[in-house]
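J.: protein.txt is the file, holding compact mmCIF, C-alpha atoms and all ligand atoms:
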# COMPACT_ATOMS: atom_id res chain seq x y z
CA MET A 23 11.07 -61.25 -168.95
CA ARG A 24 14.56 -59.86 -169.49
CA LYS A 25 15.71 -57.54 -166.68
CA VAL A 26 17.89 -54.51 -167.36
CA THR A 27 20.02 -53.09 -164.54
CA SER A 28 20.72 -49.38 -164.06
CA LEU A 29 23.95 -49.81 -166.01
CA GLY A 30 22.03 -51.29 -168.90
CA GLU A 31 23.30 -54.81 -168.22
CA THR A 32 20.84 -57.46 -169.23
CA VAL A 33 20.17 -60.41 -166.99
CA GLU A 34 18.34 -63.45 -168.30
CA PRO A 35 16.55 -65.20 -165.45
CA GLY A 36 17.35 -68.86 -165.17
CA THR A 37 20.57 -68.79 -167.13
CA THR A 38 23.00 -67.84 -164.40
CA THR A 39 25.61 -70.34 -163.32
CA PRO A 40 24.61 -72.38 -160.31
CA ASN A 41 26.97 -71.90 -157.36
CA ALA A 42 28.37 -75.40 -157.62
CA TYR A 43 30.56 -74.95 -160.67
CA ARG A 44 33.77 -76.24 -159.23
CA ALA A 45 36.32 -76.54 -162.00
CA ALA A 46 39.66 -78.20 -162.59
CA VAL A 47 41.80 -76.50 -165.24
CA ILE A 48 44.37 -78.67 -167.02
CA GLY A 49 46.85 -76.58 -168.99
CA THR A 50 48.73 -73.46 -167.93
CA GLY A 51 49.03 -71.61 -171.25
CA PHE A 52 46.96 -68.85 -172.85
CA MET A 53 43.79 -70.96 -172.98
CA GLY A 54 44.15 -72.11 -169.36
CA ARG A 55 44.14 -68.47 -168.29
CA VAL A 56 41.11 -67.61 -170.44
CA HIS A 57 39.15 -70.58 -169.05
CA SER A 58 40.11 -69.77 -165.44
CA HIS A 59 38.95 -66.16 -165.81
CA ALA A 60 35.72 -67.36 -167.41
CA VAL A 61 34.95 -69.80 -164.58
CA ARG A 62 35.35 -67.04 -162.03
CA ALA A 63 33.56 -64.38 -164.05
CA SER A 64 30.54 -66.63 -164.26
CA GLY A 65 30.40 -67.32 -160.53
CA GLY A 66 32.33 -70.58 -160.39
CA GLU A 67 35.50 -71.60 -158.60
CA VAL A 68 38.76 -72.98 -159.99
CA VAL A 69 39.57 -75.64 -157.41
CA GLY A 70 42.85 -76.78 -158.89
CA VAL A 71 45.23 -76.67 -161.80
CA ALA A 72 47.59 -79.17 -163.43
CA GLY A 73 50.20 -78.45 -166.09
CA SER A 74 52.98 -80.07 -168.07
CA SER A 75 55.28 -79.80 -165.05
CA PRO A 76 54.80 -79.32 -161.29
CA ALA A 77 56.60 -75.96 -161.56
CA LYS A 78 54.21 -74.69 -164.25
CA ALA A 79 51.17 -75.80 -162.24
CA GLU A 80 52.49 -74.11 -159.11
CA GLY A 81 53.37 -70.92 -161.02
CA PHE A 82 49.86 -70.80 -162.49
CA ARG A 83 48.31 -71.47 -159.09
CA LEU A 84 50.20 -68.57 -157.52
CA ALA A 85 49.59 -66.15 -160.37
CA ASN A 86 45.87 -66.89 -160.45
CA GLY A 87 45.09 -67.37 -156.76
CA ILE A 88 44.01 -71.02 -157.08
CA ALA A 89 43.92 -73.27 -154.02
CA HIS A 90 45.58 -76.44 -155.37
CA ALA A 91 48.29 -77.29 -157.92
CA HIS A 92 48.58 -80.92 -158.94
CA ALA A 93 51.59 -82.58 -160.53
CA ASP A 94 49.29 -85.29 -161.90
CA ALA A 95 46.27 -84.32 -164.03
CA LEU A 96 44.49 -87.58 -163.19
CA GLU A 97 44.76 -86.84 -159.49
CA LEU A 98 43.17 -83.43 -160.12
CA ILE A 99 40.39 -84.98 -162.22
CA HIS A 100 39.55 -87.39 -159.40
CA ARG A 101 39.24 -84.75 -156.68
CA GLU A 102 35.81 -85.02 -155.07
CA ASP A 103 35.34 -81.26 -155.07
CA VAL A 104 35.68 -81.02 -158.88
CA ASP A 105 32.47 -80.97 -160.95
CA VAL A 106 33.79 -79.84 -164.35
CA VAL A 107 37.15 -80.51 -166.00
CA HIS A 108 38.47 -77.87 -168.44
CA VAL A 109 40.98 -79.45 -170.82
CA CYS A 110 43.27 -76.69 -172.14
CA THR A 111 46.35 -78.75 -173.03
CA PRO A 112 48.10 -79.32 -176.36
CA ASN A 113 45.79 -81.12 -178.78
CA HIS A 114 47.06 -84.70 -178.50
CA LEU A 115 46.01 -84.80 -174.83
CA HIS A 116 42.45 -83.57 -175.40
CA ALA A 117 40.96 -87.02 -176.03
CA PRO A 118 42.66 -89.04 -173.26
CA LEU A 119 42.03 -86.39 -170.61
CA SER A 120 38.40 -85.88 -171.65
CA LEU A 121 37.83 -89.64 -171.55
CA ALA A 122 39.42 -89.85 -168.10
CA ALA A 123 37.22 -86.99 -166.85
CA LEU A 124 34.04 -88.55 -168.24
CA ALA A 125 34.99 -91.92 -166.75
CA ALA A 126 35.37 -90.16 -163.39
CA GLY A 127 31.82 -88.80 -163.75
CA LYS A 128 32.85 -85.19 -164.43
CA HIS A 129 31.41 -82.73 -166.92
CA VAL A 130 33.97 -81.60 -169.51
CA VAL A 131 34.85 -78.44 -171.42
CA CYS A 132 37.52 -79.56 -173.90
CA GLU A 133 39.40 -77.13 -176.12
CA LYS A 134 39.23 -77.68 -179.86
CA PRO A 135 40.14 -79.79 -181.73
CA LEU A 136 38.21 -82.29 -179.63
CA ALA A 137 40.50 -84.95 -181.11
CA THR A 138 43.12 -85.00 -183.83
CA ASP A 139 41.10 -87.50 -185.91
CA ALA A 140 37.39 -87.99 -186.52
CA ASP A 141 37.19 -91.59 -185.25
CA THR A 142 38.51 -90.55 -181.85
CA ALA A 143 36.17 -87.54 -181.79
CA LYS A 144 33.32 -89.95 -182.51
CA SER A 145 34.26 -92.16 -179.56
CA LEU A 146 34.30 -89.07 -177.32
CA VAL A 147 30.74 -88.15 -178.33
CA ALA A 148 29.68 -91.70 -177.44
CA ALA A 149 31.58 -91.58 -174.14
CA ALA A 150 29.88 -88.31 -173.13
CA ARG A 151 26.47 -89.72 -173.98
CA GLU A 152 27.10 -92.93 -172.03
CA ALA A 153 28.41 -91.00 -169.04
CA ASP A 154 25.40 -88.66 -169.30
CA ARG A 155 27.60 -85.63 -168.70
CA ILE A 156 27.62 -82.15 -170.26
CA ALA A 157 30.48 -82.10 -172.77
CA VAL A 158 31.35 -78.79 -174.42
CA VAL A 159 33.83 -77.67 -177.11
CA PRO A 160 34.51 -73.91 -177.06
CA PHE A 161 33.47 -72.63 -180.46
CA THR A 162 33.36 -69.35 -178.62
CA TYR A 163 32.74 -66.93 -181.47
CA ARG A 164 29.14 -68.18 -181.30
CA PHE A 165 28.90 -66.15 -178.09
CA HIS A 166 29.33 -62.74 -179.72
CA PRO A 167 25.87 -61.15 -179.58
CA MET A 168 26.21 -60.06 -183.21
CA ALA A 169 26.92 -63.61 -184.37
CA ARG A 170 23.63 -64.56 -182.67
CA GLU A 171 21.94 -61.62 -184.34
CA ALA A 172 23.14 -62.79 -187.74
CA ARG A 173 21.83 -66.27 -186.98
CA ALA A 174 18.47 -64.92 -185.84
CA LEU A 175 18.15 -62.74 -188.96
CA VAL A 176 18.92 -65.67 -191.26
CA ALA A 177 16.43 -67.88 -189.39
CA SER A 178 13.71 -65.22 -189.56
CA GLY A 179 13.99 -65.20 -193.35
CA SER A 180 14.81 -61.51 -193.45
CA ILE A 181 17.68 -61.97 -195.92
CA GLY A 182 15.74 -64.48 -198.02
CA ARG A 183 17.20 -67.76 -199.21
CA VAL A 184 20.96 -67.84 -198.55
CA SER A 185 22.83 -68.48 -201.80
CA LEU A 186 26.43 -67.39 -201.18
CA ALA A 187 28.79 -67.38 -198.18
CA HIS A 188 32.41 -66.30 -198.06
CA GLY A 189 35.16 -64.88 -195.89
CA GLY A 190 38.11 -66.21 -193.99
CA TYR A 191 40.10 -66.41 -190.80
CA LEU A 192 43.50 -64.69 -190.88
CA GLN A 193 46.25 -64.44 -188.27
CA ASP A 194 49.95 -63.51 -188.41
CA TRP A 195 51.44 -65.00 -185.26
CA LEU A 196 53.32 -67.71 -187.23
CA LEU A 197 54.57 -65.33 -189.93
CA TYR A 198 58.31 -65.87 -189.55
CA PRO A 199 60.38 -69.10 -189.69
CA GLU A 200 61.85 -68.34 -186.25
CA GLU A 201 58.34 -68.66 -184.82
CA ASP A 202 57.48 -72.10 -183.54
CA ASN A 203 54.77 -73.62 -181.38
CA TRP A 204 53.55 -77.08 -180.43
CA ARG A 205 50.62 -76.57 -182.82
CA VAL A 206 53.06 -76.85 -185.75
CA ASP A 207 54.09 -80.41 -184.84
CA PRO A 208 51.60 -83.01 -186.19
CA GLU A 209 52.45 -85.44 -183.37
CA ILE A 210 51.16 -82.91 -180.85
CA GLY A 211 48.88 -80.55 -182.77
CA GLY A 212 47.44 -83.08 -185.24
CA PRO A 213 47.73 -83.50 -189.01
CA THR A 214 46.10 -80.15 -189.85
CA ARG A 215 47.22 -76.97 -188.15
CA ALA A 216 45.84 -73.79 -189.75
CA PHE A 217 42.58 -75.46 -190.74
CA GLY A 218 42.20 -77.46 -187.52
CA ASP A 219 43.04 -74.47 -185.34
CA ILE A 220 41.09 -71.65 -186.98
CA GLY A 221 39.45 -72.98 -190.16
CA SER A 222 37.33 -75.08 -187.80
CA HIS A 223 36.04 -71.87 -186.16
CA TRP A 224 35.10 -70.43 -189.56
CA CYS A 225 33.16 -73.54 -190.60
CA ASP A 226 31.42 -73.67 -187.23
CA MET A 227 30.37 -70.02 -187.64
CA LEU A 228 29.10 -70.67 -191.16
CA GLU A 229 26.98 -73.64 -190.07
CA PHE A 230 25.86 -71.93 -186.85
CA VAL A 231 24.78 -68.70 -188.52
CA THR A 232 23.11 -70.27 -191.56
CA GLY A 233 21.74 -73.44 -189.94
CA ASP A 234 22.99 -75.24 -193.05
CA ARG A 235 25.66 -77.95 -193.42
CA ILE A 236 28.73 -78.03 -195.62
CA ALA A 237 28.16 -80.95 -198.01
CA THR A 238 31.24 -80.95 -200.25
CA VAL A 239 34.62 -79.22 -200.33
CA CYS A 240 37.47 -78.55 -202.74
CA ALA A 241 40.63 -77.33 -201.02
CA GLN A 242 44.26 -76.48 -201.53
CA THR A 243 46.86 -75.93 -198.84
CA SER A 244 50.24 -74.26 -198.85
CA ARG A 245 53.20 -73.63 -196.58
CA VAL A 246 55.13 -70.37 -196.46
CA ASN A 247 57.73 -71.57 -193.97
CA ASP A 248 59.14 -75.02 -194.71
CA THR A 249 61.25 -74.90 -191.57
CA ARG A 250 60.58 -73.40 -188.19
CA ASP A 251 63.29 -72.90 -185.65
CA GLY A 252 65.54 -74.94 -187.98
CA ARG A 253 63.19 -77.97 -188.04
CA PRO A 254 61.24 -79.15 -191.11
CA VAL A 255 57.51 -78.38 -190.93
CA ALA A 256 54.79 -80.83 -192.00
CA THR A 257 51.62 -78.79 -191.36
CA GLU A 258 50.01 -76.10 -193.53
CA ASP A 259 50.19 -72.31 -193.11
CA LEU A 260 47.44 -71.52 -195.64
CA VAL A 261 44.20 -73.10 -196.81
CA SER A 262 41.90 -71.92 -199.56
CA PHE A 263 38.70 -73.85 -200.09
CA GLN A 264 35.37 -73.71 -201.77
CA PHE A 265 32.26 -75.57 -200.77
CA SER A 266 28.61 -76.17 -201.35
CA THR A 267 26.06 -76.84 -198.62
CA ALA A 268 23.19 -79.28 -198.29
CA GLY A 269 20.83 -76.32 -198.72
CA GLY A 270 22.40 -75.24 -202.01
CA THR A 271 24.61 -72.34 -200.87
CA ILE A 272 28.01 -72.08 -202.56
CA GLY A 273 31.02 -70.21 -201.25
CA SER A 274 34.67 -70.04 -200.37
CA ALA A 275 37.03 -69.10 -197.55
CA VAL A 276 40.72 -68.49 -196.94
CA ILE A 277 42.52 -69.52 -193.75
CA SER A 278 45.98 -68.21 -192.85
CA GLN A 279 48.33 -67.99 -189.90
CA VAL A 280 50.86 -65.97 -191.89
CA SER A 281 48.94 -62.87 -193.09
CA PRO A 282 50.97 -59.83 -191.98
CA GLY A 283 48.94 -57.44 -189.86
CA ARG A 284 45.94 -59.70 -189.39
CA LYS A 285 45.84 -60.69 -185.74
CA ASN A 286 42.61 -62.64 -185.46
CA GLN A 287 40.27 -61.67 -188.27
CA LEU A 288 37.34 -64.02 -188.72
CA VAL A 289 35.02 -62.62 -191.39
CA LEU A 290 31.81 -64.28 -192.54
CA GLU A 291 29.57 -62.70 -195.15
CA VAL A 292 26.35 -64.35 -196.26
CA SER A 293 24.15 -63.21 -199.12
CA GLY A 294 20.54 -64.17 -199.54
CA THR A 295 17.94 -63.36 -202.16
CA GLU A 296 16.85 -60.25 -200.18
CA GLY A 297 19.84 -59.13 -198.14
CA SER A 298 23.41 -59.68 -197.00
CA LEU A 299 25.06 -59.79 -193.57
CA ALA A 300 28.74 -59.56 -192.62
CA PHE A 301 30.33 -60.32 -189.24
CA ASP A 302 33.97 -59.43 -188.49
CA GLN A 303 35.48 -60.77 -185.28
CA GLU A 304 37.89 -57.80 -185.13
CA ARG A 305 34.80 -55.52 -184.89
CA PRO A 306 32.52 -57.84 -182.96
CA GLU A 307 30.00 -55.28 -181.78
CA THR A 308 28.63 -54.50 -185.21
CA LEU A 309 26.99 -56.45 -187.97
CA TRP A 310 26.94 -55.07 -191.50
CA ALA A 311 23.57 -55.50 -193.17
CA GLY A 312 22.73 -54.64 -196.75
CA SER A 313 19.87 -54.91 -199.20
CA ARG A 314 19.32 -53.46 -202.68
CA GLY A 315 17.79 -50.30 -201.21
CA ARG A 316 19.81 -49.82 -198.05
CA THR A 317 23.10 -50.60 -196.31
CA GLY A 318 23.95 -50.00 -192.69
CA THR A 319 25.29 -51.31 -189.44
CA ILE A 320 23.40 -52.99 -186.63
CA THR A 321 25.09 -52.42 -183.27
CA ARG A 322 25.18 -54.45 -180.10
CA ASP A 323 23.26 -51.70 -178.28
CA ASP A 324 20.32 -51.82 -180.69
CA PRO A 325 17.17 -52.22 -178.54
CA ALA A 326 15.63 -54.37 -181.28
CA LEU A 327 18.19 -57.20 -181.04
CA SER A 328 16.79 -60.73 -181.07
CA ALA A 329 16.28 -62.30 -177.63
CA ASP A 330 19.17 -64.72 -178.07
CA ALA A 331 21.59 -61.91 -179.02
CA ALA A 332 20.33 -59.64 -176.26
CA ARG A 333 20.79 -62.30 -173.56
CA LEU A 334 24.50 -62.40 -174.44
CA VAL A 335 24.97 -58.64 -173.99
CA THR A 336 26.73 -58.77 -170.64
CA VAL A 337 28.77 -55.56 -170.63
CA PRO A 338 26.97 -52.24 -170.02
CA VAL A 339 25.59 -50.40 -173.03
CA GLY A 340 28.26 -48.36 -174.81
CA HIS A 341 31.17 -50.31 -173.30
CA PRO A 342 33.20 -52.77 -175.38
CA GLN A 343 32.47 -56.48 -175.11
CA GLY A 344 34.81 -59.06 -176.63
CA TYR A 345 36.71 -62.34 -176.66
CA GLN A 346 36.89 -63.02 -172.92
CA ASP A 347 33.20 -62.20 -172.58
CA CYS A 348 32.46 -64.96 -175.11
CA PHE A 349 34.24 -67.46 -172.89
CA ASN A 350 32.47 -66.15 -169.81
CA ALA A 351 29.12 -66.65 -171.54
CA LEU A 352 30.13 -70.14 -172.69
CA VAL A 353 30.96 -71.16 -169.11
CA ARG A 354 27.75 -69.57 -167.82
CA ASP A 355 25.74 -71.56 -170.36
CA THR A 356 27.70 -74.73 -169.53
CA GLY A 357 26.68 -74.20 -165.90
CA ALA A 358 23.08 -73.71 -167.00
CA ALA A 359 23.21 -76.97 -168.99
CA ILE A 360 24.63 -78.79 -165.96
CA ALA A 361 21.70 -77.39 -163.96
CA GLY A 362 19.30 -79.01 -166.42
CA GLN A 363 18.52 -76.04 -168.67
CA ALA A 364 18.95 -76.06 -172.44
CA PRO A 365 20.81 -72.85 -173.34
CA GLU A 366 20.57 -71.93 -177.01
CA GLY A 367 23.64 -72.61 -179.14
CA LEU A 368 25.91 -74.35 -176.63
CA PRO A 369 28.66 -76.06 -178.72
CA VAL A 370 28.93 -79.68 -177.61
CA PHE A 371 31.11 -82.69 -178.43
CA ALA A 372 28.97 -83.43 -181.52
CA ASP A 373 30.11 -80.03 -182.87
CA GLY A 374 33.71 -81.03 -182.14
CA LEU A 375 33.15 -84.24 -184.10
CA ARG A 376 31.63 -82.22 -186.94
CA ALA A 377 34.77 -80.03 -187.06
CA ALA A 378 37.01 -83.12 -187.21
CA VAL A 379 34.96 -84.61 -190.05
CA ILE A 380 35.10 -81.37 -192.08
CA ALA A 381 38.86 -81.06 -191.42
CA GLU A 382 39.47 -84.57 -192.72
CA ALA A 383 37.46 -83.85 -195.88
CA VAL A 384 39.36 -80.60 -196.48
CA MET A 385 42.75 -82.24 -196.03
CA ALA A 386 41.79 -85.22 -198.22
CA SER A 387 40.61 -82.83 -200.94
CA ALA A 388 43.88 -80.89 -200.86
CA ARG A 389 45.96 -84.06 -200.88
CA GLU A 390 44.02 -85.77 -203.66
CA ARG A 391 43.29 -82.58 -205.65
CA ARG A 392 39.57 -83.27 -205.99
CA TRP A 393 36.12 -82.43 -204.54
CA VAL A 394 35.40 -84.48 -201.42
CA ASP A 395 31.98 -85.01 -199.79
CA VAL A 396 31.66 -84.26 -196.09
CA PRO A 397 29.86 -87.23 -194.52
CA GLU A 398 27.15 -86.86 -191.89
CA VAL A 399 28.61 -88.91 -189.03
CA ASP A 400 26.46 -89.98 -186.09
CA ALA A 401 28.19 -91.21 -182.98
C1 LIG B 501 45.68 -69.74 -181.89
O1 LIG B 501 45.69 -69.81 -183.26
C2 LIG B 501 44.31 -69.42 -181.35
O2 LIG B 501 44.52 -69.24 -180.00
C3 LIG B 501 43.29 -70.53 -181.53
O3 LIG B 501 43.72 -71.75 -180.97
C4 LIG B 501 41.97 -70.12 -180.99
O4 LIG B 501 41.00 -71.10 -181.18
C5 LIG B 501 41.54 -68.81 -181.62
O5 LIG B 501 40.37 -68.40 -180.99
C6 LIG B 501 42.59 -67.75 -181.46
O6 LIG B 501 43.81 -68.23 -181.92
Output the file's structure as structure tokens, nothing else.
Ligand code: SOE
T.:
Amino acid sequence: MRKVTSLGETVEPGTTTPNAYRAAVIGTGFMGRVHSHAVRASGGEVVGVAGSSPAKAEGFRLANGIAHAHADALELIHREDVDVVHVCTPNHLHAPLSLAALAAGKHVVCEKPLATDADTAKSLVAAAREADRIAVVPFTYRFHPMAREARALVASGSIGRVSLAHGGYLQDWLLYPEEDNWRVDPEIGGPTRAFGDIGSHWCDMLEFVTGDRIATVCAQTSRVNDTRDGRPVATEDLVSFQFSTAGGTIGSAVISQVSPGRKNQLVLEVSGTEGSLAFDQERPETLWAGSRGRTGTITRDDPALSADAARLVTVPVGHPQGYQDCFNALVRDTGAAIAGQAPEGLPVFADGLRAAVIAEAVMASARERRWVDVPEVDA
């Protein structure tokens, strides 16, 4: 039975993090901070941090009250008091560090993209299976209660057979040519940037919410800034693609990191034969729902939420819950999985492989100007 505290917080028995979630965080940027907060918020401990330089690791340690800073990430991984390694580095280091952590017998939470190519992502899935460790990729938007509600409503059949899905993921933080970041460089970020970075989230949400799989894609890409900080750019700023799914849904989405005013807008709308649902990550506590006879908004505080959505309501009724809370819930569920439970919807390395396979199909389609099938790849 779900317990509700006096503040209206919901507590799901059996899904709290066990005490022994002792984490290493590798990476001192924005994601390293988000992961560190999430480990603590879910009852764990950040034992140590490593960064791209000893000074960055030490600065992060001091700013975040962490016991140990390591100049060498491998040394941190091999600490005996580390159970889980959080890989929050630039993309090209995700695979080697995850492999090293698995080889050392640690559980892993590796930022997306799991790898910058699908073959490497496939080998990581196999490595996690062989090591028999929990291996997670943070497709964190799955942890918004209203994304779960959308998924539950689709699964219950309440919107009928899904026939159309559309939306996009828009940001503006790379709007101007003076703006540069390691993600722009294919050697570090990988061959796709806008799609790999945020298009992957959109596709994960589509497949998570509908339970269906993208089967074929037709994409085009474009670049608004051919140089950044005076250097030529090889990765895309914009992607527009259409798709069909194995279940017969058709749809399209636009992905952009140069849309003025859009900070982090992931929108997914699905239409079925009886109803439609729309989720907007910039308004994550509501879900638009429509049918021929009625349109309205379901809110996070609705007492009739599905059990899986309700278990992710972790901030008191009437108080905003957002991005960081998604990460906190992801870490809590990772802890539950380590403790032998099977939390619903935990994104694992197989989901990271899936994202890499879709990204390769999208980029091949854009390059070759044709429809490309998305293969089902087992590791
Ligand atoms: C940068 O584009 C970024 O931080 C992504 O890497 C994240 O996955 C996304 O959640 C927010 O934007």
J.: Give me, please, the distance in Å between atom CA of Ile88 of chain A and atom CA of Thr111 of chain A, quoted to one decimal.
T.: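 So the two atoms, atom CA of Ile88 of chain A and atom CA of Thr111 of chain A, lie 17.9 Å apart.
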J.: Excluding same-chain residues fewer than 2 positions from Gly273 of chain A, what lies within 7 Å of it counting all atoms listed in the file, as a list in words?
T.: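 Near Gly273 of chain A, the qualifying residues are Leu186, Ala187, His188, Gln264, Phe265, Ser266 and Thr271 of chain A.
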J.: Counting all atoms listed in the file, what is within 8 Å of Asp302 of chain A, bar same-chain residues fewer than 3 positions away, as a list in words?
T.: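 With the cut-off at 8 Å, the set is Gln287, Leu288, Val289, Leu290, Arg305, Pro306, Thr308 and Leu309 of chain A.
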J.: Using only C-alpha atoms and all ligand atoms, find each residue with an atom at most 10 Å away from ligand LIG 501 (chain B) and format the answer as a ChimeraX atom specification.
T.: /A:52-53,112-113,133-135,160-163,191-196,203,205,215-223,278-279,285-288,345
J.: What gap, in Å, lies between atom CA of Cys348 of chain A and atom CA of Phe165 of chain A?
T.: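 Between atom CA of Cys348 of chain A and atom CA of Phe165 of chain A the gap is 4.8 Å.
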J.: Can you work out which one of A:Ala85, A:Leu175, A:Ala137, A:Val107 has the shortest atom-to-atom distance to Ala377 of chain A, counting only C-alpha atoms?
T.: A:Ala137
J.: With all atoms listed in the file as the atoms that count, which of A:Ala388, A:Ala329, A:Ala63, A:Val379 lies nearest to Leu352 of chain A?
T.: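 Result for the nearest residue to Leu352 of chain A: A:Ala63.
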J.: A:Gly179, A:Pro369, A:Gly73, A:Gly294: which is nearest Met227 of chain A, counting all atoms listed in the file?
T.: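 That would be A:Pro369, the residue with the smallest distance to Met227 of chain A.
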J.: Can you tell me which residues surround Arg376 of chain A at a distance of at most 8 Å, considering only C-alpha atoms, apart from same-chain residues fewer than 4 positions away, and format the answer as a list in words?
T.: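 Everything that qualifies: Ala372, Ile380 and Val399 of chain A.
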J.: Would you pull segment 169-188 of chain A out of the block just shown and save N, CA and C atoms as an mmCIF file, in the first residue's frame?
T.:
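Dumped to part.cif:
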data_model
loop_
_atom_site.group_PDB
_atom_site.id
_atom_site.type_symbol
_atom_site.label_atom_id
_atom_site.label_comp_id
_atom_site.auth_asym_id
_atom_site.auth_seq_id
_atom_site.Cartn_x
_atom_site.Cartn_y
_atom_site.Cartn_z
ATOM 1 N N ALA A 169 4.921 11.890 -17.457
ATOM 2 C CA ALA A 169 5.345 11.021 -18.562
ATOM 3 C C ALA A 169 4.877 9.596 -18.264
ATOM 4 N N ARG A 170 4.966 9.202 -16.983
ATOM 5 C CA ARG A 170 4.473 7.872 -16.586
ATOM 6 C C ARG A 170 2.961 7.774 -16.771
ATOM 7 N N GLU A 171 2.289 8.904 -16.463
ATOM 8 C CA GLU A 171 0.832 8.895 -16.596
ATOM 9 C C GLU A 171 0.441 8.710 -18.064
ATOM 10 N N ALA A 172 1.161 9.404 -18.942
ATOM 11 C CA ALA A 172 0.888 9.246 -20.376
ATOM 12 C C ALA A 172 1.094 7.797 -20.784
ATOM 13 N N ARG A 173 2.170 7.202 -20.305
ATOM 14 C CA ARG A 173 2.471 5.810 -20.644
ATOM 15 C C ARG A 173 1.365 4.875 -20.142
ATOM 16 N N ALA A 174 0.939 5.131 -18.895
ATOM 17 C CA ALA A 174 -0.106 4.271 -18.314
ATOM 18 C C ALA A 174 -1.415 4.421 -19.088
ATOM 19 N N LEU A 175 -1.731 5.649 -19.495
ATOM 20 C CA LEU A 175 -2.988 5.866 -20.232
ATOM 21 C C LEU A 175 -2.945 5.182 -21.594
ATOM 22 N N VAL A 176 -1.791 5.265 -22.266
ATOM 23 C CA VAL A 176 -1.672 4.579 -23.569
ATOM 24 C C VAL A 176 -1.830 3.069 -23.352
ATOM 25 N N ALA A 177 -1.131 2.548 -22.339
ATOM 26 C CA ALA A 177 -1.166 1.091 -22.090
ATOM 27 C C ALA A 177 -2.567 0.610 -21.709
ATOM 28 N N SER A 178 -3.329 1.460 -21.043
ATOM 29 C CA SER A 178 -4.676 1.052 -20.602
ATOM 30 C C SER A 178 -5.664 1.040 -21.766
ATOM 31 N N GLY A 179 -5.243 1.587 -22.904
ATOM 32 C CA GLY A 179 -6.134 1.624 -24.072
ATOM 33 C C GLY A 179 -7.074 2.812 -24.073
ATOM 34 N N SER A 180 -6.894 3.729 -23.115
ATOM 35 C CA SER A 180 -7.888 4.798 -23.001
ATOM 36 C C SER A 180 -7.834 5.803 -24.160
ATOM 37 N N ILE A 181 -6.732 5.864 -24.905
ATOM 38 C CA ILE A 181 -6.762 6.742 -26.090
ATOM 39 C C ILE A 181 -6.924 5.926 -27.388
ATOM 40 N N GLY A 182 -7.202 4.655 -27.240
ATOM 41 C CA GLY A 182 -7.414 3.813 -28.423
ATOM 42 C C GLY A 182 -6.100 3.405 -29.059
ATOM 43 N N ARG A 183 -6.171 3.070 -30.341
ATOM 44 C CA ARG A 183 -4.947 2.657 -31.049
ATOM 45 C C ARG A 183 -4.176 3.902 -31.470
ATOM 46 N N VAL A 184 -2.921 4.006 -31.068
ATOM 47 C CA VAL A 184 -2.120 5.194 -31.407
ATOM 48 C C VAL A 184 -1.827 5.185 -32.903
ATOM 49 N N SER A 185 -2.088 6.319 -33.555
ATOM 50 C CA SER A 185 -1.882 6.376 -35.013
ATOM 51 C C SER A 185 -0.890 7.466 -35.417
ATOM 52 N N LEU A 186 -0.741 8.495 -34.561
ATOM 53 C CA LEU A 186 0.106 9.634 -34.929
ATOM 54 C C LEU A 186 0.892 10.099 -33.697
ATOM 55 N N ALA A 187 2.155 10.460 -33.906
ATOM 56 C CA ALA A 187 2.961 11.020 -32.803
ATOM 57 C C ALA A 187 3.835 12.120 -33.380
ATOM 58 N N HIS A 188 3.952 13.226 -32.656
ATOM 59 C CA HIS A 188 4.758 14.320 -33.183
ATOM 60 C C HIS A 188 5.233 15.221 -32.056
#
